[in-house]
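Report on the following structure.
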Amino acid sequence: MHHGDGGGAVARCVRCGAEAAGPCARCHAPVCGDCCVLTEGGARVWAICLACEDRGGRSLRRGWALVLGWIALPIAALALVVALLEWLRRG
Ligand SMILES: [Zn+2]
Ligand SMILES: [Zn+2]
């Protein structure tokens, strides 16, 4: 961490504004000890913020919902384009 030597430049928690304990492993936002959770992903323990945990950092089901969303979104966009082309051809 290169956080200057001017003093007073303490990283603040993005959620509650308290002095941050460290960056979130996922979004790298500074979070304090109260606003992060520890997750055991493998060889080492990560600290992730509650927002990232909410987004499915630890929950497999929510992770799958996110994956399905990423799959469904392009399909929906494609269907929209096809419908638009069809409409243009008729008009
Ligand atoms: Zn906090
Ligand atoms: Zn995060």
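Order determines the names: the first chain of the structure tokens is A, the second B, and so forth; residues in each chain are numbered 1 upward, and ligands are numbered 1 upward as they are shown.
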Legend entry - Nearby residues, ligand 1, 12 Å, only C-alpha atoms and all ligand atoms, as a ChimeraX atom specification: /A:11-24,29-37,48-51
I need the residues from that last selection saved to file as a PDB file, in the first residue's frame (with C-alpha atoms), if you can.
ATOM      1  CA  ALA A  11      -8.720   4.965   4.164  1.00  0.00           C
ATOM      2  CA  ARG A  12     -12.337   5.118   5.219  1.00  0.00           C
ATOM      3  CA  CYS A  13     -14.857   2.306   5.134  1.00  0.00           C
ATOM      4  CA  VAL A  14     -17.208   2.795   2.183  1.00  0.00           C
ATOM      5  CA  ARG A  15     -20.172   1.579   4.195  1.00  0.00           C
ATOM      6  CA  CYS A  16     -19.971   3.275   7.570  1.00  0.00           C
ATOM      7  CA  GLY A  17     -17.071   5.714   7.255  1.00  0.00           C
ATOM      8  CA  ALA A  18     -15.016   4.168  10.039  1.00  0.00           C
ATOM      9  CA  GLU A  19     -11.303   3.623   9.634  1.00  0.00           C
ATOM     10  CA  ALA A  20     -10.911   0.841   7.087  1.00  0.00           C
ATOM     11  CA  ALA A  21      -9.211  -2.381   8.073  1.00  0.00           C
ATOM     12  CA  GLY A  22      -8.346  -3.250   4.488  1.00  0.00           C
ATOM     13  CA  PRO A  23      -9.635  -3.527   0.934  1.00  0.00           C
ATOM     14  CA  CYS A  24     -12.352  -5.937  -0.148  1.00  0.00           C
ATOM     15  CA  ALA A  29     -13.260  -0.920  -1.697  1.00  0.00           C
ATOM     16  CA  PRO A  30     -11.868  -0.116   1.750  1.00  0.00           C
ATOM     17  CA  VAL A  31     -13.970  -1.661   4.483  1.00  0.00           C
ATOM     18  CA  CYS A  32     -13.722  -1.793   8.264  1.00  0.00           C
ATOM     19  CA  GLY A  33     -13.801  -4.962  10.312  1.00  0.00           C
ATOM     20  CA  ASP A  34     -17.518  -4.593  11.032  1.00  0.00           C
ATOM     21  CA  CYS A  35     -18.504  -4.271   7.386  1.00  0.00           C
ATOM     22  CA  CYS A  36     -16.674  -7.251   5.949  1.00  0.00           C
ATOM     23  CA  VAL A  37     -16.861 -11.006   6.292  1.00  0.00           C
ATOM     24  CA  ILE A  48     -14.968  -9.322   1.314  1.00  0.00           C
ATOM     25  CA  CYS A  49     -17.372  -6.460   1.964  1.00  0.00           C
ATOM     26  CA  LEU A  50     -21.024  -7.127   2.786  1.00  0.00           C
ATOM     27  CA  ALA A  51     -22.123  -5.789  -0.593  1.00  0.00           C
TER      28      ALA A  51
END
Inset, instruction - Quick one: pull the distance between CA of Leu88 (chain A) and CA of Pro74 (chain A), Å, one decimal. - result: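 Value for the CA of Leu88 (chain A)-CA of Pro74 (chain A) distance: 20.8 Å.
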Legend entry - Every residue of chain A that DSSP places in helix (DSSP H, G or I), as a count of residues only: 42
Legend entry - For ligand 2, the nearest of the candidates A:Ala9, A:Ala25, A:Ala76, A:Leu85, counting only C-alpha atoms and all ligand atoms: A:Ala25
Legend entry - Among listed residues A:Leu38, A:Val67, A:Cys27, A:Val82, nearest ligand 2 (using only C-alpha atoms and all ligand atoms):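 Nearest to ligand 2: A:Cys27.
Comparing A:Trp46, A:Trp64, A:Trp87, A:Trp70 by their smallest distance to ligand 2, the closest is A:Trp46 (using only C-alpha atoms and all ligand atoms).
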Legend entry - Nearest residue to ligand 2 from the set A:His28, A:Arg55, A:Arg89, A:Arg44 (distances using only C-alpha atoms and all ligand atoms):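 Using only C-alpha atoms and all ligand atoms, the shortest distance to ligand 2 belongs to A:His28.
Here CA of Asp54 (chain A) and CA of Leu68 (chain A) stand 16.6 Å from one another.
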Let's see if you can do this: from backbone DSSP, list all strand (DSSP E) residues in chain A, as a PDB file with C-alpha atoms, in the first residue's frame.
ATOM      1  CA  GLY A  22      -8.346  -3.250   4.488  1.00  0.00           C
ATOM      2  CA  PRO A  23      -9.635  -3.527   0.934  1.00  0.00           C
ATOM      3  CA  PRO A  30     -11.868  -0.116   1.750  1.00  0.00           C
ATOM      4  CA  VAL A  31     -13.970  -1.661   4.483  1.00  0.00           C
ATOM      5  CA  CYS A  36     -16.674  -7.251   5.949  1.00  0.00           C
ATOM      6  CA  VAL A  37     -16.861 -11.006   6.292  1.00  0.00           C
ATOM      7  CA  LEU A  38     -14.148 -13.582   6.038  1.00  0.00           C
ATOM      8  CA  THR A  39     -14.597 -16.234   3.415  1.00  0.00           C
ATOM      9  CA  GLU A  40     -12.621 -19.407   2.983  1.00  0.00           C
ATOM     10  CA  VAL A  45      -8.890 -16.456   3.815  1.00  0.00           C
ATOM     11  CA  TRP A  46     -10.350 -13.461   2.022  1.00  0.00           C
ATOM     12  CA  ALA A  47     -12.091 -10.470   3.490  1.00  0.00           C
ATOM     13  CA  ILE A  48     -14.968  -9.322   1.314  1.00  0.00           C
ATOM     14  CA  CYS A  49     -17.372  -6.460   1.964  1.00  0.00           C
TER      15      CYS A  49
END
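Using only C-alpha atoms and all ligand atoms for every distance, the candidate list A:Ala43, A:Val10, A:Ala77, A:Glu53 yields A:Glu53 as the residue closest to ligand 2.
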Legend entry - Pick from A:Ala65, A:Leu78, A:Arg90, A:Cys52, whichever lies nearest to ligand 2 using only C-alpha atoms and all ligand atoms: A:Cys52
